[in-house]
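Asks: Here it is: the structure, laid out below.
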Amino acid sequence: MTVQEQGPLTTEAGAPVADNQNSETAGPAGPVLLQSQHLLEKLAHFNRERIPERVVHARGAGAYGTFTLTRDVSQWTRAAFLSEVGKQTETFLRFSTVAGNLGSADTVRDPRGFALKFYTEEGNYDLVGNNTPVFFIKDALKFPDFIHTQKRDPYTGSQEADNVWDFWGLSPESTHQVTWLFGDRGIPATLRHMNGYGSHTYQWNNEAGEVFWVKYHFKTDQGIRNLTQAEANRIAGEDPDYHQRDLRTAIERGEFPSWTVQVQVMPAADAAAYRFNPFDLTKVWPHADYPPVEIGRLELNRNPENVFAEVEQSVFSPAHFVPGIGPSPDRMLQGRLFAYGDAHRYRVGVNADHLPVNRPHATQARTHARDGHLYDGRHKGERNYEPNSFGGPEQTGRPLWEPVGVSGATSYGAAPVHAEDDDFGQAGALYRLMSQDEQARLVENLAGFIAKVSRDDIAARAVDNFRRADEDFGKRLEVAVQALRG
Ligand code: HEM
């Protein structure tokens, strides 16, 4: 029996409500009384039903699941949940689009968020990735500017092609990700038919203190399926909730989507001489260099019961690590280590990590942090400081991750450039990897959007980046854009 079935309707303080149809009035034809507490309470609570939507990735859907380890990886990490073949860990995964607001359509051309929480016995480990292995920029300092160009223009109130292409044209490091986004995978058919990636490089360290750099890949077991631009446009009009409905109903039918989990592992000693800067988020590590190794299987098998409580109020932070896993010096990741916790405190509140979806499920949080909005008193009368002489949680003395060597003076310089680092090489390689048909769709998708800009110089600069990736790519795009702009 649910709470709602156990007795009469009540006020929020639990007193029985006599009339839920009529407010209390001064005589049958008179005005409503201020003492009509039930009315006041209903209206006031209703006014506060929304919390701020996420500043990015506002639109999303989530589900619980299970991660099963299929390979012993203790040679690379001492993380307990990665310690024993067959071990299972509860997870929660939230998918999202990036730019649209909470009520926007699912089938837009946009990266998809792939935010995964592992409820491990050593605390929650959050891997907050996308369905793309790379990203548009490589320094967190540029993130607010980038996102401003993706979201609504301050004057028109709409997304503007001018802003998007002006920024991408002036940020040549985005060429790889933009080529990816306007290719076939830019609009997945469903959330079940796409891959997920950790995208950044992360640190793994083993019991002996040896360091490895890793990249995570989640390969869909359903197979990759995408929508064409025309199909996506039609569905966006007919059923804006298409992706979230598909995920929920598949799980309701018992068709549990799953992903094969792989990692690329680089011994720490390789990093300095690797042909690409391994901490540059605009680059992949070609599989020939570091072949993906299968380590597990992720299955989604349970829908949330309440979307607001469990999806809207869910929080994921790239700073949520567990022993054996840590950050890399990737400049984007470093910025993200701050941004998410800060967003959670603003959006959900200082006790966001106490909510059922966010708190550890396989262990307990034992901190001396206390109080704040909506604190539930969980620590009762326990002492709230450390060190103390009354028992209570103490530090372990062992950091989650191993130290990383640094050198040189503080500066604002660009990140180290490795032998084959440039802004265009991997974008060109991706273009040449596509079939003739996909190349044609890529050019058409890009041209359709670039052609909307109001200034020729912005269009020309945008096209030029693709030419520098691949001469043929640039030529075809130039012709297509000119044909549309006349
Ligand atoms: C420095 C660059 C970045 C900054 C400052 C940043 C910041 C943010 C912020 C503030 C949120 C909203 C969090 C919330 O309200 O709960 C968010 C959400 C998200 N971001 Fe980023 N982001 C960055 C780059 C990235 C990258 C590179 C990825 C993927 C590889 C990514 C994936 C996500 C995902 C998946 C979400 C949604 C999480 C959820 O489902 O709750 N972000 N980001």
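How things are named: the first chain in the structure tokens is A, the next is B, and so on; residues count from 1 in each chain; ligands count from 1 in the order shown.
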Name all residues at most 10 Å from Pro8 in chain A (count only C-alpha atoms; drop same-chain ones fewer than 4 positions away) and give them as a PyMOL selection string.
Replies: chain A and resi 4+14-18
Asks: If you run DSSP on the backbone here, which positions in range 116-363 of chain A get alpha helix (DSSP H)? Please write them as number ranges by chain.
Replies: A: 143-150, 161-170, 175-182, 229-238, 242-252, 307, 331-347
Asks: Can you tell me which residues surround His320 in chain A at a distance of at most 9 Å, considering only C-alpha atoms, apart from same-chain residues fewer than 2 positions away, and format the answer as a VMD selection string?
Replies: chain A and resid 123 to 127 316 to 318 322 326 337
Asks: What would the file look like if the residues just selected were written as a PDB file, in the first residue's frame with N, CA and C atoms?
Replies:
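And here's part_6.pdb as it stands now:
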ATOM      1  N   GLY A 123      32.365   3.745  -2.221  1.00  0.00           N
ATOM      2  CA  GLY A 123      31.787   5.041  -2.546  1.00  0.00           C
ATOM      3  C   GLY A 123      31.327   5.066  -3.987  1.00  0.00           C
ATOM      4  N   ASN A 124      30.593   6.112  -4.328  1.00  0.00           N
ATOM      5  CA  ASN A 124      30.069   6.211  -5.689  1.00  0.00           C
ATOM      6  C   ASN A 124      31.148   6.701  -6.634  1.00  0.00           C
ATOM      7  N   TYR A 125      31.268   6.010  -7.765  1.00  0.00           N
ATOM      8  CA  TYR A 125      32.192   6.433  -8.815  1.00  0.00           C
ATOM      9  C   TYR A 125      31.364   6.926  -9.996  1.00  0.00           C
ATOM     10  N   ASP A 126      31.513   8.186 -10.356  1.00  0.00           N
ATOM     11  CA  ASP A 126      30.757   8.759 -11.474  1.00  0.00           C
ATOM     12  C   ASP A 126      31.651   8.904 -12.701  1.00  0.00           C
ATOM     13  N   LEU A 127      31.203   8.374 -13.807  1.00  0.00           N
ATOM     14  CA  LEU A 127      31.906   8.550 -15.075  1.00  0.00           C
ATOM     15  C   LEU A 127      30.961   9.362 -15.960  1.00  0.00           C
ATOM     16  N   PHE A 316      25.763  13.990 -10.947  1.00  0.00           N
ATOM     17  CA  PHE A 316      26.963  13.221 -11.324  1.00  0.00           C
ATOM     18  C   PHE A 316      28.142  14.177 -11.305  1.00  0.00           C
ATOM     19  N   SER A 317      29.248  13.751 -10.774  1.00  0.00           N
ATOM     20  CA  SER A 317      30.419  14.620 -10.766  1.00  0.00           C
ATOM     21  C   SER A 317      31.669  13.872 -11.202  1.00  0.00           C
ATOM     22  N   PRO A 318      32.385  14.429 -12.186  1.00  0.00           N
ATOM     23  CA  PRO A 318      33.665  13.809 -12.568  1.00  0.00           C
ATOM     24  C   PRO A 318      34.652  13.763 -11.400  1.00  0.00           C
ATOM     25  N   VAL A 322      36.971   6.771  -6.731  1.00  0.00           N
ATOM     26  CA  VAL A 322      37.126   5.781  -5.656  1.00  0.00           C
ATOM     27  C   VAL A 322      38.592   5.351  -5.640  1.00  0.00           C
ATOM     28  N   GLY A 326      41.594   8.054 -10.628  1.00  0.00           N
ATOM     29  CA  GLY A 326      41.760   9.483 -10.388  1.00  0.00           C
ATOM     30  C   GLY A 326      41.782  10.276 -11.674  1.00  0.00           C
ATOM     31  N   LEU A 337      36.178  19.108 -12.651  1.00  0.00           N
ATOM     32  CA  LEU A 337      36.256  18.615 -11.268  1.00  0.00           C
ATOM     33  C   LEU A 337      35.623  19.631 -10.319  1.00  0.00           C
TER      34      LEU A 337
END
Asks: What's the 8 Å shell around range 448-455 of chain A, counting only C-alpha atoms, without same-chain residues fewer than 5 positions away, as a list in words?
Replies: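 Once the adjacent positions are removed, what remains is Ala161, Asp162, Trp165, Ala462, Val481, Gln482, Leu484 and Arg485 of chain A.
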Asks: Would you kindly return, as a ChimeraX atom specification, each protein, DNA or RNA residue with an atom no farther than 8 Å from any atom of Val98 in chain A, considering only C-alpha atoms and excluding same-chain residues fewer than 4 positions away?
Replies: /A:56-59,110-113
Asks: Report as a VMD selection string: the residues of range 106-288 of chain A with a DSSP assignment of strand (DSSP E), based on the backbone of this structure.
Replies: chain A and resid 112 to 120 123 to 130 196 to 197 202 to 205 211 to 220 258 to 267
Asks: Output C-alpha atoms for every residue in that selection, as a tab-separated table (two decimals), in the first residue's frame.
Replies:
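Ended up saving to out37.tsv:
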chain	number	residue	atom	x	y	z
A	112	ARG	CA	24.31	12.63	-26.04
A	113	GLY	CA	25.37	12.66	-22.41
A	114	PHE	CA	26.23	9.24	-20.96
A	115	ALA	CA	26.49	9.91	-17.21
A	116	LEU	CA	27.08	6.73	-15.24
A	117	LYS	CA	27.09	6.26	-11.48
A	118	PHE	CA	28.61	3.08	-10.04
A	119	TYR	CA	27.38	2.49	-6.48
A	120	THR	CA	30.58	0.77	-5.32
A	123	GLY	CA	31.79	5.04	-2.55
A	124	ASN	CA	30.07	6.21	-5.69
A	125	TYR	CA	32.19	6.43	-8.82
A	126	ASP	CA	30.76	8.76	-11.47
A	127	LEU	CA	31.91	8.55	-15.08
A	128	VAL	CA	30.29	11.57	-16.75
A	129	GLY	CA	30.85	10.99	-20.45
A	130	ASN	CA	29.20	11.42	-23.83
A	196	GLY	CA	29.16	5.71	-24.63
A	197	TYR	CA	32.65	7.01	-23.90
A	202	TYR	CA	41.73	8.98	-16.44
A	203	GLN	CA	44.28	7.58	-14.05
A	204	TRP	CA	44.16	4.00	-12.86
A	205	ASN	CA	46.63	2.88	-10.20
A	211	VAL	CA	50.04	4.37	-12.77
A	212	PHE	CA	48.17	3.73	-16.04
A	213	TRP	CA	46.23	6.16	-18.21
A	214	VAL	CA	42.89	4.79	-19.42
A	215	LYS	CA	40.04	5.65	-21.75
A	216	TYR	CA	36.62	3.98	-21.35
A	217	HIS	CA	34.41	2.72	-24.19
A	218	PHE	CA	30.85	1.38	-23.83
A	219	LYS	CA	29.95	-0.46	-27.05
A	220	THR	CA	26.25	-0.97	-27.56
A	258	SER	CA	23.45	-3.57	-22.57
A	259	TRP	CA	26.90	-2.32	-23.44
A	260	THR	CA	30.22	-4.15	-23.63
A	261	VAL	CA	32.71	-2.17	-21.57
A	262	GLN	CA	36.26	-1.76	-22.86
A	263	VAL	CA	39.30	0.23	-21.80
A	264	GLN	CA	42.37	1.42	-23.60
A	265	VAL	CA	45.31	1.26	-21.21
A	266	MET	CA	48.52	3.28	-21.56
A	267	PRO	CA	51.40	2.67	-19.14
